[in-house]
Every structure is written in C-alpha cells, then in structure tokens.
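One file, model_27.txt, carrying compact mmCIF, C-alpha atoms and all ligand atoms:
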```
# COMPACT_ATOMS: atom_id res chain seq x y z
CA MET H 759 20.12 9.38 21.55
CA ALA H 760 19.14 12.75 23.01
CA THR H 761 16.22 13.34 20.66
CA LYS H 762 14.71 9.99 21.49
CA ARG H 763 14.78 10.72 25.20
CA MET H 764 13.29 14.17 24.69
CA ALA H 765 10.52 12.88 22.51
CA ASN H 766 9.90 9.92 24.83
CA LEU H 767 9.71 7.59 21.88
CA PRO H 768 9.07 3.86 21.90
CA GLU H 769 12.05 1.76 20.82
CA THR H 770 12.85 2.01 17.13
CA THR H 771 13.92 -1.12 15.30
CA ASP H 772 17.31 -2.20 16.61
CA ARG H 773 19.98 -1.12 14.09
CA ARG H 774 21.48 -4.59 14.44
CA ILE H 775 18.28 -6.28 13.17
CA ASP H 776 18.56 -3.90 10.26
CA ALA H 777 22.20 -5.00 9.82
CA LEU H 778 21.15 -8.67 10.02
CA LEU H 779 18.56 -8.16 7.30
CA THR H 780 21.01 -6.36 5.07
CA LEU H 781 23.63 -9.06 5.63
CA LEU H 782 21.19 -11.83 4.71
CA ALA H 783 19.85 -9.90 1.72
CA GLU H 784 23.33 -9.11 0.40
CA ASN H 785 24.35 -12.78 0.74
CA SER H 786 21.12 -14.18 -0.57
CA THR H 787 22.79 -16.84 -2.72
CA ILE H 788 24.83 -18.47 0.09
CA VAL H 789 24.30 -20.10 3.46
CA ILE H 790 25.85 -17.91 6.11
CA SER H 791 26.66 -19.40 9.52
CA GLY H 792 25.05 -18.19 12.74
CA ALA H 793 28.53 -17.69 14.21
CA LYS H 794 29.62 -15.50 11.32
CA ILE H 795 26.48 -13.37 11.49
CA ALA H 796 26.87 -13.04 15.27
CA LYS H 797 30.46 -11.88 14.86
CA GLU H 798 29.68 -9.40 12.07
CA ILE H 799 26.89 -7.65 13.91
CA GLY H 800 28.31 -8.02 17.41
CA VAL H 801 25.69 -10.13 19.21
CA THR H 802 25.40 -13.70 20.48
CA ARG H 803 24.25 -16.60 18.28
CA GLN H 804 21.18 -16.93 20.50
CA GLN H 805 20.31 -13.33 19.77
CA VAL H 806 20.73 -13.96 16.04
CA TRP H 807 18.33 -16.89 16.38
CA ARG H 808 15.76 -14.78 18.23
CA TRP H 809 15.91 -12.05 15.58
CA ILE H 810 15.66 -14.58 12.76
CA GLU H 811 12.47 -15.84 14.43
CA LYS H 812 11.19 -12.27 14.58
CA LEU H 813 11.91 -11.75 10.89
CA ARG H 814 10.17 -15.03 10.06
CA ALA H 815 7.11 -13.85 11.97
CA LEU H 816 7.10 -10.83 9.66
CA GLY H 817 7.05 -13.07 6.63
CA VAL H 818 10.76 -12.97 5.76
CA ARG H 819 11.58 -16.43 4.40
CA VAL H 820 14.83 -17.45 6.14
CA LYS H 821 15.87 -21.08 5.71
CA GLY H 822 18.20 -22.97 8.06
CA HIS H 823 19.04 -23.02 11.76
CA PRO H 824 21.84 -21.99 14.14
CA ARG H 825 24.09 -25.02 13.50
CA THR H 826 24.08 -25.09 9.68
CA GLY H 827 23.60 -21.43 8.96
CA TYR H 828 20.94 -19.24 7.39
CA HIS H 829 19.91 -18.43 3.90
CA ILE H 830 17.30 -15.95 2.78
CA GLU H 831 14.97 -17.30 0.12
CA ARG H 832 13.89 -14.01 -1.33
CA VAL H 833 15.09 -10.46 -0.63
CA PRO H 834 12.55 -9.32 1.94
CA ASP H 835 10.20 -6.45 1.38
CA ILE H 836 10.87 -4.71 4.69
CA LEU H 837 11.32 -0.96 4.78
CA ALA H 838 14.57 -1.21 6.71
CA PRO H 839 16.65 1.99 6.98
CA GLN H 840 19.91 0.43 5.78
CA MET H 841 18.26 -0.84 2.62
CA LEU H 842 16.67 2.56 2.02
CA SER H 843 19.26 5.15 2.90
CA HIS H 844 21.73 4.64 0.06
CA ARG H 845 18.88 4.50 -2.48
CA LEU H 846 17.66 7.86 -1.18
CA SER H 847 21.00 9.59 -1.26
CA GLY H 848 20.84 13.07 -2.70
CA THR H 849 17.29 13.54 -1.39
CA LEU H 850 16.00 15.18 1.75
CA PHE H 851 15.12 11.83 3.25
CA ALA H 852 18.41 9.93 3.38
CA ARG H 853 19.72 11.38 6.62
CA ARG H 854 17.36 10.41 9.42
CA ILE H 855 15.23 7.34 9.12
CA TYR H 856 13.22 5.92 12.03
CA HIS H 857 11.79 2.46 11.53
CA PHE H 858 9.33 0.62 13.78
CA PHE H 859 7.96 -2.87 13.46
CA LYS H 860 4.85 -1.74 15.31
CA ILE H 861 3.82 1.75 16.38
CA ASP H 862 0.61 3.62 17.14
CA SER H 863 0.96 6.16 14.31
CA THR H 864 3.95 7.35 12.29
CA ASN H 865 2.34 10.81 12.19
CA ALA H 866 2.12 10.92 15.97
CA VAL H 867 5.81 9.94 16.24
CA ALA H 868 6.89 12.45 13.59
CA MET H 869 4.98 15.27 15.33
CA ARG H 870 6.79 14.41 18.58
CA LEU H 871 10.12 14.37 16.75
CA GLY H 872 9.27 17.74 15.23
CA GLU H 873 8.69 19.19 18.69
CA ALA H 874 11.95 17.64 19.88
CA GLY H 875 13.90 19.47 17.16
CA GLU H 876 14.61 16.66 14.67
CA PRO H 877 15.73 18.02 11.30
CA HIS H 878 13.82 18.76 8.13
CA GLY H 879 13.50 15.58 6.07
CA THR H 880 13.28 13.13 8.98
CA LEU H 881 11.46 10.01 7.84
CA VAL H 882 9.32 7.75 10.04
CA LEU H 883 8.29 4.31 8.80
CA ALA H 884 6.34 1.45 10.29
CA GLU H 885 5.54 -2.09 9.23
CA GLU H 886 2.30 -1.88 11.21
CA GLN H 887 0.27 0.87 12.93
CA THR H 888 -2.11 0.19 15.78
CA SER H 889 -3.82 3.63 15.64
CA GLY H 890 -3.16 4.91 12.14
CA ARG H 891 -4.77 8.32 11.77
CA GLY H 892 -6.90 9.32 8.80
CA ARG H 893 -8.46 12.63 7.85
CA ALA H 894 -11.45 14.05 9.75
CA GLY H 895 -10.69 11.95 12.83
CA ARG H 896 -11.05 8.65 10.97
CA SER H 897 -8.63 5.79 11.41
CA TRP H 898 -6.33 4.26 8.82
CA ILE H 899 -6.25 0.46 8.88
CA SER H 900 -2.59 -0.53 8.68
CA GLU H 901 -2.19 -4.28 8.17
CA LYS H 902 1.26 -5.61 9.00
CA SER H 903 3.78 -5.27 6.14
CA ALA H 904 0.99 -4.98 3.56
CA GLY H 905 1.04 -1.23 3.00
CA ILE H 906 3.31 1.78 3.17
CA TYR H 907 2.91 3.76 6.40
CA CYS H 908 5.25 6.68 6.19
CA SER H 909 5.51 10.21 7.60
CA VAL H 910 7.96 12.92 6.68
CA LEU H 911 8.86 15.82 8.91
CA LEU H 912 9.25 19.10 7.04
CA ARG H 913 10.22 22.58 8.13
CA PRO H 914 9.02 24.55 5.12
CA PRO H 915 9.66 28.30 4.93
CA ILE H 916 6.00 29.06 4.18
CA PRO H 917 3.05 30.66 5.98
CA PRO H 918 0.38 28.28 7.35
CA ALA H 919 -2.08 29.42 4.65
CA HIS H 920 0.13 27.71 2.05
CA ALA H 921 0.30 24.39 3.90
CA PRO H 922 -2.50 22.81 1.78
CA LEU H 923 -0.05 22.97 -1.10
CA LEU H 924 2.21 20.52 0.75
CA THR H 925 -0.65 18.05 0.70
CA LEU H 926 -1.00 18.48 -3.07
CA VAL H 927 2.77 18.05 -3.47
CA ALA H 928 2.66 14.75 -1.58
CA GLY H 929 -0.40 13.55 -3.52
CA LEU H 930 1.37 14.17 -6.83
CA ALA H 931 4.47 12.31 -5.64
CA ALA H 932 2.43 9.31 -4.52
CA ARG H 933 0.49 9.40 -7.80
CA ASP H 934 3.63 9.32 -9.94
CA ALA H 935 5.13 6.52 -7.83
CA ALA H 936 2.02 4.33 -8.03
CA ALA H 937 1.49 4.98 -11.75
CA ASP H 938 4.40 2.62 -12.54
CA ASP H 939 2.62 -0.24 -10.74
CA LEU H 940 -0.75 0.13 -12.47
CA ASP H 941 -1.93 -0.44 -16.04
CA ARG H 942 -3.73 2.91 -16.00
CA PRO H 943 -2.40 5.83 -13.95
CA PRO H 944 -4.38 6.56 -10.78
CA ASP H 945 -6.77 9.49 -10.52
CA VAL H 946 -6.21 12.13 -7.82
CA ARG H 947 -9.31 13.18 -5.92
CA TRP H 948 -8.78 16.60 -4.36
CA PRO H 949 -6.86 17.15 -2.25
CA ASN H 950 -4.86 13.95 -2.43
CA ASP H 951 -6.75 10.68 -2.41
CA LEU H 952 -5.45 8.29 -5.04
CA LEU H 953 -8.04 6.19 -6.81
CA ALA H 954 -7.69 3.07 -8.93
CA GLY H 955 -10.82 1.75 -10.63
CA GLY H 956 -12.78 4.42 -8.72
CA ARG H 957 -11.67 3.14 -5.29
CA LYS H 958 -9.19 4.71 -2.91
CA PHE H 959 -5.83 3.06 -2.25
CA CYS H 960 -3.81 5.96 -0.86
CA GLY H 961 -4.54 8.78 1.55
CA ILE H 962 -2.47 11.62 2.96
CA LEU H 963 -2.79 13.40 6.27
CA THR H 964 -0.88 16.64 6.85
CA GLU H 965 -0.58 17.88 10.40
CA MET H 966 1.35 20.91 11.53
CA HIS H 967 2.54 23.06 14.32
CA ALA H 968 2.33 26.68 13.19
CA GLU H 969 2.60 30.24 14.37
CA PRO H 970 0.44 32.93 12.75
CA ASP H 971 3.02 33.74 10.07
CA ARG H 972 5.09 30.58 9.67
CA VAL H 973 4.94 26.83 9.83
CA HIS H 974 7.11 25.58 12.65
CA HIS H 975 6.99 22.02 11.41
CA ALA H 976 4.65 19.99 9.26
CA VAL H 977 4.20 16.23 9.09
CA VAL H 978 2.97 14.70 5.87
CA GLY H 979 1.74 11.16 6.48
CA ILE H 980 1.18 8.85 3.54
CA GLY H 981 -0.72 5.59 3.75
CA MET H 982 -0.79 3.38 0.68
CA ASN H 983 -2.56 0.03 0.37
CA VAL H 984 -0.10 -2.10 -1.57
CA ASN H 985 -0.27 -5.85 -0.95
CA GLN H 986 -3.53 -6.27 0.98
CA ALA H 987 -5.20 -9.35 -0.55
CA LYS H 988 -8.61 -7.99 0.40
CA MET H 989 -10.02 -4.98 2.18
CA PRO H 990 -12.17 -5.21 5.31
CA GLU H 991 -15.78 -5.86 4.30
CA GLU H 992 -17.05 -2.46 5.40
CA LEU H 993 -14.50 -0.72 3.14
CA ALA H 994 -14.52 -3.07 0.17
CA GLU H 995 -16.77 -0.83 -1.95
CA ILE H 996 -14.70 2.29 -1.52
CA ALA H 997 -11.16 1.06 -0.86
CA THR H 998 -8.69 -1.09 -2.74
CA SER H 999 -5.00 -2.01 -2.92
CA LEU H 1000 -2.53 -2.22 -5.79
CA ARG H 1001 -2.56 -5.99 -5.44
CA ILE H 1002 -6.35 -6.17 -5.68
CA GLU H 1003 -6.24 -4.00 -8.79
CA THR H 1004 -3.45 -5.82 -10.60
CA GLY H 1005 -3.48 -9.35 -9.18
CA ASN H 1006 0.25 -8.99 -8.43
CA VAL H 1007 2.35 -8.53 -5.32
CA HIS H 1008 4.30 -5.23 -5.48
CA SER H 1009 7.59 -4.26 -3.90
CA ARG H 1010 6.83 -1.78 -1.11
CA LEU H 1011 10.50 -0.91 -0.91
CA GLU H 1012 10.77 0.10 -4.59
CA LEU H 1013 7.46 1.95 -4.43
CA LEU H 1014 8.52 3.88 -1.33
CA ILE H 1015 11.87 4.82 -2.89
CA ARG H 1016 10.10 6.16 -5.98
CA LEU H 1017 7.57 8.00 -3.82
CA LEU H 1018 10.24 9.74 -1.74
CA ARG H 1019 12.31 10.64 -4.80
CA HIS H 1020 9.25 12.22 -6.44
CA LEU H 1021 8.38 13.97 -3.18
CA ASP H 1022 11.88 15.43 -2.98
CA ARG H 1023 11.56 16.66 -6.58
CA TYR H 1024 8.08 18.20 -6.23
CA TYR H 1025 8.92 19.76 -2.86
CA ASN H 1026 12.06 21.43 -4.23
CA GLN H 1027 10.14 22.60 -7.27
CA PHE H 1028 7.47 24.08 -5.00
CA LEU H 1029 10.06 25.99 -2.96
CA ALA H 1030 11.93 27.20 -6.04
CA ASP H 1031 9.06 28.08 -8.39
CA GLY H 1032 6.02 28.45 -6.14
CA ALA H 1033 2.58 26.93 -6.46
CA LEU H 1034 1.98 27.33 -10.20
CA PRO H 1035 3.80 24.23 -11.51
CA ILE H 1036 2.16 22.16 -8.78
CA LEU H 1037 -1.31 23.42 -9.70
CA ARG H 1038 -0.62 22.81 -13.39
CA ARG H 1039 0.49 19.26 -12.70
CA PHE H 1040 -2.61 18.67 -10.58
CA ALA H 1041 -4.77 19.89 -13.48
CA GLU H 1042 -3.02 17.39 -15.79
CA VAL H 1043 -3.48 14.32 -13.62
CA SER H 1044 -6.75 14.85 -11.73
CA SER H 1045 -10.19 14.40 -13.24
CA TYR H 1046 -11.46 16.35 -10.23
CA PHE H 1047 -9.73 19.58 -11.21
CA GLN H 1048 -12.45 20.99 -13.40
CA GLY H 1049 -15.93 20.10 -14.62
CA LYS H 1050 -16.46 17.18 -12.23
CA ARG H 1051 -19.87 16.77 -10.60
CA VAL H 1052 -19.22 16.39 -6.88
CA ARG H 1053 -20.85 16.25 -3.50
CA ILE H 1054 -18.92 18.20 -0.88
CA THR H 1055 -19.36 17.39 2.79
CA THR H 1056 -17.80 19.79 5.29
CA ALA H 1057 -18.22 20.11 9.04
CA LYS H 1058 -21.03 22.58 8.45
CA GLU H 1059 -22.93 21.39 5.35
CA SER H 1060 -23.26 19.06 2.39
CA PHE H 1061 -23.93 20.34 -1.14
CA THR H 1062 -23.50 19.37 -4.78
CA GLY H 1063 -21.83 21.29 -7.56
CA THR H 1064 -19.21 21.23 -10.30
CA THR H 1065 -15.49 21.69 -9.73
CA ALA H 1066 -13.99 24.87 -11.19
CA GLY H 1067 -10.23 24.64 -10.69
CA LEU H 1068 -8.03 25.48 -7.71
CA GLU H 1069 -7.17 28.77 -6.02
CA PRO H 1070 -3.43 29.67 -5.97
CA SER H 1071 -3.40 28.44 -2.36
CA GLY H 1072 -4.60 24.97 -3.45
CA VAL H 1073 -8.17 25.46 -2.22
CA LEU H 1074 -10.85 23.79 -4.41
CA ARG H 1075 -13.41 25.95 -6.26
CA VAL H 1076 -16.88 24.44 -6.64
CA ALA H 1077 -19.77 26.08 -8.52
CA ARG H 1078 -22.77 25.24 -6.37
CA ASP H 1079 -25.94 23.74 -7.86
CA ASP H 1080 -28.10 25.85 -5.54
CA GLY H 1081 -27.14 29.08 -7.32
CA ARG H 1082 -25.09 30.46 -4.44
CA GLY H 1083 -22.02 30.94 -6.64
CA VAL H 1084 -18.55 29.48 -6.33
CA GLU H 1085 -17.66 27.98 -2.97
CA LEU H 1086 -14.03 27.83 -1.85
CA VAL H 1087 -13.55 24.45 -0.20
CA LEU H 1088 -10.68 24.46 2.29
CA SER H 1089 -11.27 20.99 3.64
CA GLY H 1090 -13.95 18.36 3.56
CA ASP H 1091 -14.92 15.17 1.81
CA VAL H 1092 -15.29 15.15 -1.95
CA ALA H 1093 -17.34 12.44 -3.62
CA GLU H 1094 -18.29 12.04 -7.25
CA ALA H 1095 -21.97 12.97 -7.72
CA SER H 1096 -24.27 11.88 -10.54
C1 LIG R 1 -6.81 9.77 4.82
O1 LIG R 1 -7.73 9.70 5.65
O2 LIG R 1 -7.02 9.67 3.61
C2 LIG R 1 -5.40 9.99 5.28
C3 LIG R 1 -4.76 8.71 5.71
C4 LIG R 1 -3.31 8.88 6.12
C5 LIG R 1 -2.73 7.60 6.67
C6 LIG R 1 -1.26 7.70 6.92
S1 LIG R 1 -0.52 6.14 7.27
C7 LIG R 1 0.97 6.91 7.71
C8 LIG R 1 0.60 8.15 8.47
N1 LIG R 1 0.43 7.86 9.89
C9 LIG R 1 -0.82 8.02 10.28
O3 LIG R 1 -1.23 7.81 11.44
N2 LIG R 1 -1.58 8.42 9.26
C10 LIG R 1 -0.81 8.60 8.05
```

So, in terms of structure tokens, how does the structure I just supplied come out?
Amino acid sequence: MATKRMANLPETTDRRIDALLTLLAENSTIVISGAKIAKEIGVTRQQVWRWIEKLRALGVRVKGHPRTGYHIERVPDILAPQMLSHRLSGTLFARRIYHFFKIDSTNAVAMRLGEAGEPHGTLVLAEEQTSGRGRAGRSWISEKSAGIYCSVLLRPPIPPAHAPLLTLVAGLAARDAAADDLDRPPDVRWPNDLLAGGRKFCGILTEMHAEPDRVHHAVVGIGMNVNQAKMPEELAEIATSLRIETGNVHSRLELLIRLLRHLDRYYNQFLADGALPILRRFAEVSSYFQGKRVRITTAKESFTGTTAGLEPSGVLRVARDDGRGVELVLSGDVAEAS
C-alpha cells in the first residue's frame, strides 16, 4: 500500500489473521478443520497452525489441532478490524482501520499517517504499546490486550486555538462509553482524565500538526485501563482499571465501539453547533467544572484555587487563592486540593 511505504510503517496485523479470527468467531459452536480454514483464507495449514499459536499467546482460547480441527472457546476480545468495521458503519471510523499486535505508540503511527496523507477518520489500534505516550512527556503503560490503546486521525476545519475542544470532545465520548460499565458514572477531570473512585483509568493525548490559521491534522489518542487485574505499585494510589473498580472483566471490543460511536456523535455536533453544547455537557458531567478546590501545576508554577468554569475555547478558569484573580489554564496538571 502506497501510504504504508510513504509513512515507513511497521507491519500491521496481517488481514488474513484478522480473517482467521473472524472465521473462528463466526463458527464458534463448531469444530472447523485446518484444511477448510487454510482454503478459505488462502494460506497453508502450517501457516494456520502458526497463527493459531500466535492467537493463543494473546489469550485467545482455541481448542484442537491441525488434524482434528479448531474450535474457539469464547469469542475473543481482540480489536480486530474485521470485527469492528461493520459495527462502526455510518461513523467516521469505519473506513480505515490499522491494527497492530505490538507497536511503539498508536499516536506516533497516526501522526506519521497524517503526514502521509491518510484520510480524516483513520483509526489506529494496538493490543500492546512499547512506548505509549502520556501528557507532559510521561509514558502510558500499555499492558498486552488489557486496555484500549487507540488513536484517531482527524482533519478538522478549525484554527489551532480551538484544538483543546477536540480533547474535551474525546473525553466526553470516553466518559459516556465507560459509564455503561460502571455502577456510578465516571468523573471527568479537566481536560479529559476519567476517574472512578477518585483514581484515573483513562487519559487522552491530542497531538497536532498545524499552521498559524488551521489544523493540518490532529491525532487524538485514548488510553483506557479496562481489564488490568492490578496497577503497577507506583501507580496504584492514583490509577485504576474498570476491572479493579467492578471486579468484572469487560469487553474491550464493545467498549471501543461505544467510544467511537460517541466520538463520532460529539465531533459532528461540535462541527455543526460549535463549542457551546460541548461546554454544557462538560459542565453536566464534571465535578471539576466549577467550585472545585484544585492545585494547578504548569511548566512555570504551582498554585491553588477554585475552578470557575471554562472559556469558550475550552480553557479552564481558576480563581487563585493568592488574590491574583482568575487564571486561564491552557495546559497543566489539575489535582483536587483540600
Ligand atoms: C495522559 O497522560 O493522560 C494521556 C495518555 C494517552 C495514552 C494513549 S494510549 C493510545 C495513544 N497512544 C499513545 O502513545 N498515547 C495515547
């Protein structure tokens, strides 16, 4: 594919592995012979065997062997393009889906695809990231097949000053998607951290390539901790997963489909009606919108204050404790203060 060469991308997941998964999932009640699978997807039986082993290593429970045939024990929770695309039809994200079993960062890939001219709505997914990027130069720990690691490439007709609104849009979409999996809906900490029980389980990183008056392309990267059984010790006090909160394993596939459908809806609403409905929705769902005692840490200072709503551009207003008036916070860390 021309784009792939231009962007010098690592190999995406072979479409035929995707086809194998779909075939097994769609025939989950029967044993299907290695020869039949090989014929349907156009590879040798040995290749089928090798791919089955690869799927097993990812936790897909496939019973059987080349002579008798294979049988999938449970429909696997892999974010495979074939499984996703028809469920996303009618949205921006059904057309171009890149899937990787292992990649450095889906944001890094999506930025390269943006430079190479891939279309608006291109979706990049990974089962595992080796250098997941977080905000402020931090990293995002991306355990294999436990979370959602997803980036969308957008070409929004907006000036760069409005790009923070994209981050709010994505935060709202992730919030609505996760709300169905939790007993109590998550809180949104400006600009877009999702919190359950006071701990973060989802973060969003927006990167962009812009000219002074327009965004050339933006990449919105969403990382959600879904089925991690525990968080690394150093993060356990501040981070969590849906599984830790509920005690249940959640379907990443269903969650991702909901997330992308909500994102499509909020994004279209933003383009059609502007920032106001997005800001109103943020006010409804975030305890950080107004009257929250916070500590703000930016590259240049750290101060405490009380939140006082958002500017039309999505920037946070904070009334400072030190009497220096209302500060407009463009970026930085927000923590609840006592
Ligand atoms: C944050 O620090 O809160 C933002 C974390 C964003 C992580 C996601 S995971 C998918 C995408 N690819 C990346 O490298 N980062 C984002």

Residue neighbourhood Leu1068 (chain H), 10 Å, all atoms listed in the file, exclusion window fewer than 2 positions, as a compact mmCIF listing (two decimals) with C-alpha atoms, in the coordinates of the input:
```txt
# COMPACT_ATOMS: atom_id res chain seq x y z
CA TRP H 948 -8.78 16.60 -4.36
CA LEU H 1037 -1.31 23.42 -9.70
CA ARG H 1038 -0.62 22.81 -13.39
CA PHE H 1040 -2.61 18.67 -10.58
CA ALA H 1041 -4.77 19.89 -13.48
CA PHE H 1047 -9.73 19.58 -11.21
CA GLN H 1048 -12.45 20.99 -13.40
CA THR H 1065 -15.49 21.69 -9.73
CA ALA H 1066 -13.99 24.87 -11.19
CA PRO H 1070 -3.43 29.67 -5.97
CA SER H 1071 -3.40 28.44 -2.36
CA GLY H 1072 -4.60 24.97 -3.45
CA VAL H 1073 -8.17 25.46 -2.22
CA LEU H 1074 -10.85 23.79 -4.41
CA ARG H 1075 -13.41 25.95 -6.26
CA VAL H 1076 -16.88 24.44 -6.64
CA LEU H 1086 -14.03 27.83 -1.85
CA VAL H 1087 -13.55 24.45 -0.20
```

- request: For CA of Arg1082 (chain H) and CA of Val946 (chain H), quote the distance in Å rounded to one decimal.
  value: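 Atom-to-atom, CA of Arg1082 (chain H) and CA of Val946 (chain H) are spaced 26.5 Å apart.
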
- prompt: Do you know which residues are within 10 Å of ligand LIG 1 (chain R) using only C-alpha atoms and all ligand atoms? Can you write them as a PyMOL selection string?
  reply: chain H and resi 861-868+882-884+886-900+905-910+949-952+958-965+977-983+1091

task: Compile the contact shell of region 827-835 of chain H as a VMD selection string: residues with an atom at most 8 Å away, counting only C-alpha atoms, same-chain residues fewer than 4 positions apart removed.
output: chain H and resid 782 to 783 785 to 792 818 to 823 1009 to 1011

- line: CA of His844 (chain H) to CA of Ile775 (chain H) measures 17.4 Å

message: Please compute the CA of Ile916 (chain H)-CA of Asp1031 (chain H) distance, one decimal, in Å.
response: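 Distance reported for this atom pair: 13.0 Å.
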
- prompt: Which neighbours of Ser999 (chain H) fall inside 7 Å, counting only C-alpha atoms, when residues of the same chain fewer than 2 positions from it are skipped, and could you give them as a PyMOL selection string?
  reply: chain H and resi 959+983-986+1001-1003

Written file, previous selection with C-alpha atoms, as a PDB file, keeping the file's coordinate frame:
```pdb
ATOM      1  CA  PHE H 959      -5.830   3.060  -2.250  1.00  0.00           C
ATOM      2  CA  ASN H 983      -2.560   0.030   0.370  1.00  0.00           C
ATOM      3  CA  VAL H 984      -0.100  -2.100  -1.570  1.00  0.00           C
ATOM      4  CA  ASN H 985      -0.270  -5.850  -0.950  1.00  0.00           C
ATOM      5  CA  GLN H 986      -3.530  -6.270   0.980  1.00  0.00           C
ATOM      6  CA  ARG H1001      -2.560  -5.990  -5.440  1.00  0.00           C
ATOM      7  CA  ILE H1002      -6.350  -6.170  -5.680  1.00  0.00           C
ATOM      8  CA  GLU H1003      -6.240  -4.000  -8.790  1.00  0.00           C
TER       9      GLU H1003
END
```

Go through region 966-994 of chain H residue by residue and, counting only C-alpha atoms, keep those with an atom at most 12 Å from region 870-879 of chain H; for each kept residue give the shortest atom pair and its distance in Å to one decimal, ordered by chain and increasing number, as a Markdown table.
```
| residue | atom | partner | partner_atom | distance |
| --- | --- | --- | --- | --- |
| H:Met966 | CA | H:Gly872 | CA | 9.3 |
| H:His967 | CA | H:Glu873 | CA | 8.5 |
| H:Ala968 | CA | H:Glu873 | CA | 11.3 |
| H:Val973 | CA | H:Gly872 | CA | 11.4 |
| H:His974 | CA | H:Gly872 | CA | 8.5 |
| H:His975 | CA | H:Gly872 | CA | 6.2 |
| H:Ala976 | CA | H:Gly872 | CA | 7.9 |
| H:Val977 | CA | H:Gly872 | CA | 8.1 |
| H:Val978 | CA | H:Gly879 | CA | 10.6 |
```

Would you compute, for all listed atoms of region 936-944 of chain H, the axis-aligned bounding box grown by 3 Å on each side, and then report its centre and edge lengths in Å rounded to one decimal, as JSON?
```
{"center_x": 0.0, "center_y": 3.1, "center_z": -12.0, "size_x": 14.8, "size_y": 13.0, "size_z": 14.0}
```

task: Give the answer as one residue: which of H:Ala815, H:Met841, H:Pro990, H:Arg808 has the shortest atom-to-atom distance to Ala777 (chain H), using all atoms listed in the file?
output: H:Met841

- request: Excluding Leu1018 (chain H) and any residue of its chain fewer than 4 positions from it, enumerate the residues within 10 Å of it, using all atoms listed in the file, and give them as a list in words.
  value: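 The residues satisfying every condition are Leu846, Thr849, Leu850, Phe851, Ala852, Leu881, Cys908, Val910, Ala928, Ala931, Ala932, Ala935, Leu1013, Leu1014, Asp1022, Arg1023 and Tyr1024 of chain H.
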
message: I need the residue nearest Thr880 (chain H) from this list: H:Ser843, H:Ser1089, H:Thr925, H:Gln805. Use all atoms listed in the file for the distance.
response: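 Nearest to Thr880 (chain H): H:Ser843.
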